[in-house]
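A short worksheet on the structure shown next.
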Amino acid sequence: MSLTFHWFLPTNGDSRHVVGGGHGTPATVSGRDRPPTVAYLSQIARAAEDLGFAGALTPTGAWCEDAWLTTAMVSQHTERLKFLVAFRPGFVSPTLAAQMASTFQRQSGGRLLLNVVTGGESHEQRAYGDFLDKDARYRRTGEFLEVVRGLWEGRTVDLEGEHLRVEDARLARLPDPVPEVYFGGSSPIAGEVAARYVDVYLTWGEPPAQVAEKIAWIRGLAAKEGRTLRFGIRLHVITRDTSEQAWAEANRLLDGFDPQTVESVQAGLGRSESEGQQRMLALHGGRRDALEIHPNLWAGIGLVRGGAGTALVGSHDEVAARIREYAALGIEEFVLSGYPHLEEAYWFGEGVLPRLAAAGVWRHPFAKGGVPSAQVPFAS
C-alpha cells in the first residue's frame with residue numbers, strides 16, 4: 001500500500017502566521033499578508049505537484065474564495081495535481097453539480113475530487129438562503145448524493161425526496177473518471193450518509209485512539225451497507241531538521257496569537273453546531289498550556305482557526321513516525337497544510353516524504369521509479 005498525500009490551497013489568504021477563521025468565524029487579518037491570487041495559489045499548486053502531493057484541498061464558506069471557480073483557474077497552471085473541491089450540496093441542484101463535475105473532469109483531464117461539506121453552522125447557511133436544521137441538511141446530503149451518483153452511472157434519475165425532487169434527470173456526457181467523493185462528520189446521521197454514499201471518510205486530526213474509534217464506527221456502518229471505505233485525516237504540519245527547530249516554530253506561531261482574537265474565535269466556535277468542531281475544541285479547552293495532546297500532535301492551531309485545529313510538530317523522522325502510526329490504524333490519505341503553505345510544502349515534501357519512501361509506504365505519484373532524484377532520503 002502506498003499512502004496518498006494532499007496539500008491545501010489557502011483561498012482565505014496565506015501568511016507566516018496562522019490564518020484563522022472558518023466555521024462561521026471570519027478569516028483573521030493575517031490572511032491579507034499573501035492574498036489568494038490565482039498566481040500565488042498556482043505557485044503553491046505547482047510546488048505540491050512537483051513534490052509528490054496527489055491533490056490539493058480547497059475550503060468552502062463565506063471566509064474564502066469560491067472553490068469551484070478558483071480550482072478551475074488554477075488547474076490551467078498545473079498538469080497532474082488533482083483538486084479536492086469542497087462544496088455544500090444545499091447551494092446547488094444535484095443535477096447541475098453532477099454536470100459541473102463532469103465538465104471539470106473533461107476540461108482538467110480527470111483531476112477532480114469532491115469534498116462534500118454538509119455545513120455545521122446554521123447562521124452561515126441562512127446567509128446563503130438555506131434554512132434547514134443540521135440533521136435535515138444531512139438528510140438532504142444523502143438525497144443529493146443519491147441523485148449525483150445515479151447520474152454519474154448514466155441512469156435517468158427520478159427522485160421525490162424529503163428535501164430534493166428531480167424528474168427525468170440525465171447527463172448528456174458522463175464524467176471520466178467518476179470523481180471520488182470525500183466526506184467528514186462526527187454525528188450519528190453523518191456516519192449513516194458516509195456509509196451509504198462516499199468513497200473516503202475524512203476525520204480531523206484527533207489523537208490516534210480517538211481516530212481508531214471513528215474508523216471502527218464508520219467501518220461497521222459501511223459493512224451493514226455492504227460497502228468498504230477508505231479513510232483520510234486532515235492535519236497541519238510543522239516539520240524541521242530537528243525537533244527543537246520545529247517546536248520553536250510552533251511557539252513562534254503561538255506567540256503571534258493575539259489574546260483578544262483567541263477569545264473572540266473561541267467564543268464563535270463554542271457556538272458551533274458541528275460535533276467535529278466541538279471535539280476539536282475539547283482538545284485544548286481554549287488554553288495555551290498543555291497543547292501537545294499526543295506525542296508530536298499540537299492543538300495550538302485550533303485556538304484561532306475553525307475546522308482542522310491540530311498539527312504534527314517535530315523532526316522529519318518524528319513526523320514520519322506519527323504518520324505511520326496513523327497509517328497503522330487504517331488511514332490511507334493525509335490532507336495536510338502549513339503556514340505559509342508554499343514554504344511548508346517544501347519542508348514536508350523534501351524532509352518527510354523521502355523518509356516514507358525509504359520505508360516503503362509512499363511512492364511519488366508522478367515520477368518514474370517512485371521518487372525523483374532530487375528527493376533522495378538524507379540523514380538528520
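Residues are named by chain letter and number: chains run A, B, ... in the order of the C-alpha cells, numbers start at 1 in each chain, and ligands are numbered from 1 in the order shown.
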Contacts of Gln99 (chain A) at 10 Å (only C-alpha atoms; same-chain gap of 5+ positions) as a PyMOL selection string: chain A and resi 93-94+104-105+148+151-152+170-175
For N, CA, C and O atoms, I'd like the residues from the last selection saved as a PDB file, in the first residue's frame.
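In the end it all went to part.pdb:
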ATOM      1  N   SER A  93     -28.245  22.611  -7.288  1.00  0.00           N
ATOM      2  CA  SER A  93     -29.053  21.418  -7.540  1.00  0.00           C
ATOM      3  C   SER A  93     -28.147  20.221  -7.816  1.00  0.00           C
ATOM      4  O   SER A  93     -27.044  20.378  -8.351  1.00  0.00           O
ATOM      5  N   PRO A  94     -28.570  19.010  -7.471  1.00  0.00           N
ATOM      6  CA  PRO A  94     -27.720  17.835  -7.704  1.00  0.00           C
ATOM      7  C   PRO A  94     -27.441  17.592  -9.184  1.00  0.00           C
ATOM      8  O   PRO A  94     -26.336  17.169  -9.534  1.00  0.00           O
ATOM      9  N   PHE A 104     -15.784  19.606 -15.385  1.00  0.00           N
ATOM     10  CA  PHE A 104     -14.468  19.784 -14.770  1.00  0.00           C
ATOM     11  C   PHE A 104     -13.551  18.626 -15.142  1.00  0.00           C
ATOM     12  O   PHE A 104     -12.372  18.840 -15.470  1.00  0.00           O
ATOM     13  N   GLN A 105     -14.073  17.419 -15.108  1.00  0.00           N
ATOM     14  CA  GLN A 105     -13.251  16.261 -15.450  1.00  0.00           C
ATOM     15  C   GLN A 105     -12.737  16.348 -16.880  1.00  0.00           C
ATOM     16  O   GLN A 105     -11.560  16.068 -17.148  1.00  0.00           O
ATOM     17  N   VAL A 148     -26.741  12.377  -7.616  1.00  0.00           N
ATOM     18  CA  VAL A 148     -25.477  12.580  -8.324  1.00  0.00           C
ATOM     19  C   VAL A 148     -24.852  11.251  -8.735  1.00  0.00           C
ATOM     20  O   VAL A 148     -24.409  11.073  -9.873  1.00  0.00           O
ATOM     21  N   LEU A 151     -26.708   9.734 -11.657  1.00  0.00           N
ATOM     22  CA  LEU A 151     -26.416  10.422 -12.909  1.00  0.00           C
ATOM     23  C   LEU A 151     -25.042  10.043 -13.442  1.00  0.00           C
ATOM     24  O   LEU A 151     -24.865   9.825 -14.644  1.00  0.00           O
ATOM     25  N   TRP A 152     -24.071   9.945 -12.546  1.00  0.00           N
ATOM     26  CA  TRP A 152     -22.719   9.579 -12.981  1.00  0.00           C
ATOM     27  C   TRP A 152     -22.656   8.156 -13.517  1.00  0.00           C
ATOM     28  O   TRP A 152     -21.768   7.816 -14.292  1.00  0.00           O
ATOM     29  N   ARG A 170     -30.874  13.430 -16.387  1.00  0.00           N
ATOM     30  CA  ARG A 170     -29.890  12.612 -17.094  1.00  0.00           C
ATOM     31  C   ARG A 170     -28.767  13.500 -17.602  1.00  0.00           C
ATOM     32  O   ARG A 170     -28.998  14.647 -17.974  1.00  0.00           O
ATOM     33  N   LEU A 171     -27.539  12.957 -17.609  1.00  0.00           N
ATOM     34  CA  LEU A 171     -26.396  13.699 -18.127  1.00  0.00           C
ATOM     35  C   LEU A 171     -26.160  13.354 -19.593  1.00  0.00           C
ATOM     36  O   LEU A 171     -26.202  12.173 -19.974  1.00  0.00           O
ATOM     37  N   ALA A 172     -25.903  14.369 -20.390  1.00  0.00           N
ATOM     38  CA  ALA A 172     -25.592  14.133 -21.799  1.00  0.00           C
ATOM     39  C   ALA A 172     -24.209  13.516 -21.953  1.00  0.00           C
ATOM     40  O   ALA A 172     -23.979  12.699 -22.852  1.00  0.00           O
ATOM     41  N   ARG A 173     -23.270  13.900 -21.066  1.00  0.00           N
ATOM     42  CA  ARG A 173     -21.903  13.373 -21.110  1.00  0.00           C
ATOM     43  C   ARG A 173     -21.500  12.993 -19.694  1.00  0.00           C
ATOM     44  O   ARG A 173     -21.626  13.793 -18.763  1.00  0.00           O
ATOM     45  N   LEU A 174     -20.989  11.797 -19.539  1.00  0.00           N
ATOM     46  CA  LEU A 174     -20.619  11.296 -18.219  1.00  0.00           C
ATOM     47  C   LEU A 174     -19.185  11.684 -17.877  1.00  0.00           C
ATOM     48  O   LEU A 174     -18.333  11.798 -18.769  1.00  0.00           O
ATOM     49  N   PRO A 175     -18.885  11.860 -16.594  1.00  0.00           N
ATOM     50  CA  PRO A 175     -17.503  12.161 -16.194  1.00  0.00           C
ATOM     51  C   PRO A 175     -16.624  10.923 -16.340  1.00  0.00           C
ATOM     52  O   PRO A 175     -17.057   9.804 -16.070  1.00  0.00           O
TER      53      PRO A 175
END
Alpha helix (DSSP H) residues, from DSSP on the backbone, in region 121-361 of chain A, as a PyMOL selection string: chain A and resi 122-127+134-152+188-197+208-224+243-255+259-270+275-282+316-329+341-351+353-358
All residues 10 Å or closer to Tyr201 (chain A), only C-alpha atoms, same chain fewer than 3 positions away omitted, as a ChimeraX atom specification: /A:115,181-185,191,194-195,198,214-215,218-219,229-233,331,333
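Proximity of A:Arg155, A:Lys224, A:His316, A:His294 to Asp241 (chain A), computed with only C-alpha atoms, is greatest for A:His316.
Each of A:Pro207, A:Ala328, A:Ser272, A:Phe348 was checked against Ile293 (chain A) using only C-alpha atoms; the smallest atom-to-atom distance is that of A:Pro207.
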Atom pair CA of Glu263 (chain A) / CA of Ala282 (chain A): separation (Å):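 Value for the CA of Glu263 (chain A)-CA of Ala282 (chain A) distance: 15.1 Å.
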For region 160-165 of chain A, work out the shell of residues within 9 Å, counting only C-alpha atoms and skipping chain neighbours fewer than 5 positions away, then give it as a PDB file with N, CA, C and O atoms, in the first residue's frame.
ATOM      1  N   SER A  93     -28.245  22.611  -7.288  1.00  0.00           N
ATOM      2  CA  SER A  93     -29.053  21.418  -7.540  1.00  0.00           C
ATOM      3  C   SER A  93     -28.147  20.221  -7.816  1.00  0.00           C
ATOM      4  O   SER A  93     -27.044  20.378  -8.351  1.00  0.00           O
ATOM      5  N   PRO A  94     -28.570  19.010  -7.471  1.00  0.00           N
ATOM      6  CA  PRO A  94     -27.720  17.835  -7.704  1.00  0.00           C
ATOM      7  C   PRO A  94     -27.441  17.592  -9.184  1.00  0.00           C
ATOM      8  O   PRO A  94     -26.336  17.169  -9.534  1.00  0.00           O
ATOM      9  N   ALA A 136     -31.527  17.863   9.153  1.00  0.00           N
ATOM     10  CA  ALA A 136     -32.194  17.921   7.854  1.00  0.00           C
ATOM     11  C   ALA A 136     -31.186  18.150   6.737  1.00  0.00           C
ATOM     12  O   ALA A 136     -31.331  17.614   5.631  1.00  0.00           O
ATOM     13  N   ARG A 137     -30.151  18.944   7.017  1.00  0.00           N
ATOM     14  CA  ARG A 137     -29.112  19.162   5.997  1.00  0.00           C
ATOM     15  C   ARG A 137     -28.415  17.854   5.648  1.00  0.00           C
ATOM     16  O   ARG A 137     -28.087  17.596   4.487  1.00  0.00           O
ATOM     17  N   ARG A 139     -29.743  14.835   5.894  1.00  0.00           N
ATOM     18  CA  ARG A 139     -30.669  14.014   5.118  1.00  0.00           C
ATOM     19  C   ARG A 139     -30.715  14.495   3.667  1.00  0.00           C
ATOM     20  O   ARG A 139     -30.776  13.689   2.738  1.00  0.00           O
ATOM     21  N   ARG A 140     -30.659  15.809   3.484  1.00  0.00           N
ATOM     22  CA  ARG A 140     -30.622  16.357   2.123  1.00  0.00           C
ATOM     23  C   ARG A 140     -29.331  15.946   1.406  1.00  0.00           C
ATOM     24  O   ARG A 140     -29.353  15.644   0.210  1.00  0.00           O
ATOM     25  N   GLU A 143     -29.799  12.544  -0.050  1.00  0.00           N
ATOM     26  CA  GLU A 143     -30.605  12.592  -1.266  1.00  0.00           C
ATOM     27  C   GLU A 143     -29.796  13.154  -2.427  1.00  0.00           C
ATOM     28  O   GLU A 143     -29.868  12.660  -3.563  1.00  0.00           O
ATOM     29  N   PHE A 144     -29.034  14.179  -2.149  1.00  0.00           N
ATOM     30  CA  PHE A 144     -28.182  14.809  -3.161  1.00  0.00           C
ATOM     31  C   PHE A 144     -27.206  13.793  -3.766  1.00  0.00           C
ATOM     32  O   PHE A 144     -27.082  13.673  -4.987  1.00  0.00           O
TER      33      PHE A 144
END
Distance of CA of Thr203 (chain A) from CA of Phe257 (chain A), expressed in Å to one decimal place: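 About the pair CA of Phe257 (chain A) and CA of Thr203 (chain A): they are 25.4 Å apart.
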Residues flagged strand (DSSP E) by DSSP in region 41-289 of chain A, as a PyMOL selection string: chain A and resi 55-58+82-87+112-116+157-160+165-169+181-184+200-204+230-240
Neighbour list for Gln76 (chain A) as a PyMOL selection string, cut-off 10 Å, only C-alpha atoms, skip fewer than 2 positions in-chain: chain A and resi 42+71-74+78-79+107-108
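Residue nearest Trp247 (chain A) within the list A:Gly61, A:Pro10, A:Gly285, A:Gly314: A:Gly314 [criterion: smallest interatomic distance, only C-alpha atoms].
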Residues within 9 Å of Arg80 (chain A), only C-alpha atoms, excluding chain neighbours under 6 positions, as a list in words: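 Non-adjacent residues within range: Glu49, Ala54, Gly55, Ser108, Gly109, Arg111 and Phe366 of chain A.
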Close residues, Arg196 (chain A) itself excluded, 10 Å, only C-alpha atoms, min 6 positions apart in chain, as a list in words: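 Residues near the query, excluding close chain neighbours: Gly142, Leu145, Glu146, Leu221, Ala222, Ala223, Lys224, Glu225, Gly226, Arg227, Thr228 and Leu229 of chain A.
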Please dump the current selection as a compact mmCIF listing (two decimals), in the first residue's frame; keep all heavy atoms.
# COMPACT_ATOMS: atom_id res chain seq x y z
N GLY A 142 -27.73 13.20 1.78
CA GLY A 142 -27.93 11.83 1.31
C GLY A 142 -28.73 11.78 0.03
O GLY A 142 -28.39 11.05 -0.92
N LEU A 145 -26.53 13.05 -2.91
CA LEU A 145 -25.55 12.08 -3.39
C LEU A 145 -26.22 10.92 -4.11
O LEU A 145 -25.64 10.34 -5.04
CB LEU A 145 -24.69 11.58 -2.23
CG LEU A 145 -23.71 12.62 -1.67
CD1 LEU A 145 -23.01 12.10 -0.43
CD2 LEU A 145 -22.67 13.02 -2.71
N GLU A 146 -27.42 10.57 -3.71
CA GLU A 146 -28.16 9.52 -4.41
C GLU A 146 -28.42 9.94 -5.86
O GLU A 146 -28.25 9.15 -6.79
CB GLU A 146 -29.47 9.24 -3.70
CG GLU A 146 -30.28 8.10 -4.32
CD GLU A 146 -31.53 7.77 -3.54
OE1 GLU A 146 -31.64 8.21 -2.37
OE2 GLU A 146 -32.40 7.07 -4.09
N LEU A 221 -20.63 0.70 10.14
CA LEU A 221 -21.79 1.20 9.41
C LEU A 221 -21.72 0.84 7.93
O LEU A 221 -22.72 0.44 7.32
CB LEU A 221 -21.90 2.72 9.58
CG LEU A 221 -22.23 3.24 10.98
CD1 LEU A 221 -22.18 4.76 10.99
CD2 LEU A 221 -23.59 2.75 11.45
N ALA A 222 -20.53 0.97 7.35
CA ALA A 222 -20.36 0.65 5.93
C ALA A 222 -20.57 -0.83 5.66
O ALA A 222 -21.15 -1.21 4.64
CB ALA A 222 -18.98 1.09 5.45
N ALA A 223 -20.11 -1.67 6.59
CA ALA A 223 -20.28 -3.11 6.41
C ALA A 223 -21.76 -3.49 6.35
O ALA A 223 -22.16 -4.38 5.58
CB ALA A 223 -19.58 -3.86 7.54
N LYS A 224 -22.58 -2.80 7.14
CA LYS A 224 -24.02 -3.07 7.10
C LYS A 224 -24.62 -2.69 5.75
O LYS A 224 -25.67 -3.24 5.36
CB LYS A 224 -24.71 -2.29 8.21
CG LYS A 224 -24.35 -2.76 9.61
CD LYS A 224 -25.05 -1.92 10.67
CE LYS A 224 -24.64 -2.36 12.08
NZ LYS A 224 -25.27 -1.51 13.13
N GLU A 225 -23.98 -1.77 5.03
CA GLU A 225 -24.44 -1.35 3.71
C GLU A 225 -23.77 -2.18 2.60
O GLU A 225 -24.00 -1.92 1.41
CB GLU A 225 -24.13 0.13 3.49
CG GLU A 225 -24.79 1.08 4.47
CD GLU A 225 -26.30 1.16 4.29
OE1 GLU A 225 -26.77 0.89 3.16
OE2 GLU A 225 -27.01 1.47 5.27
N GLY A 226 -22.92 -3.12 3.00
CA GLY A 226 -22.21 -3.92 2.02
C GLY A 226 -21.13 -3.16 1.30
O GLY A 226 -20.79 -3.47 0.15
N ARG A 227 -20.54 -2.17 1.97
CA ARG A 227 -19.55 -1.31 1.33
C ARG A 227 -18.28 -1.26 2.17
O ARG A 227 -18.28 -1.53 3.37
CB ARG A 227 -20.08 0.12 1.14
CG ARG A 227 -21.37 0.22 0.35
CD ARG A 227 -21.81 1.67 0.16
NE ARG A 227 -20.88 2.37 -0.74
CZ ARG A 227 -20.19 3.45 -0.42
NH1 ARG A 227 -20.26 3.95 0.82
NH2 ARG A 227 -19.39 4.03 -1.30
N THR A 228 -17.17 -0.89 1.52
CA THR A 228 -15.92 -0.60 2.21
C THR A 228 -15.48 0.80 1.81
O THR A 228 -15.64 1.20 0.65
CB THR A 228 -14.82 -1.62 1.87
OG1 THR A 228 -14.63 -1.63 0.44
CG2 THR A 228 -15.20 -3.00 2.34
N LEU A 229 -14.92 1.54 2.74
CA LEU A 229 -14.47 2.90 2.50
C LEU A 229 -12.97 3.00 2.76
O LEU A 229 -12.39 2.17 3.45
CB LEU A 229 -15.20 3.88 3.43
CG LEU A 229 -16.59 4.37 3.08
CD1 LEU A 229 -17.59 3.23 3.02
CD2 LEU A 229 -17.05 5.42 4.09
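Of the residues under consideration (A:Glu343, A:Asp14, A:Asp66, A:Glu275), A:Asp14 shows the shortest atom-to-atom contact distance to Ser30 (chain A) when counting only C-alpha atoms.
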Best match for closeness to His123 (chain A) among A:Asn251, A:Gln277, A:Thr25, A:Gln43, counting only C-alpha atoms: A:Thr25
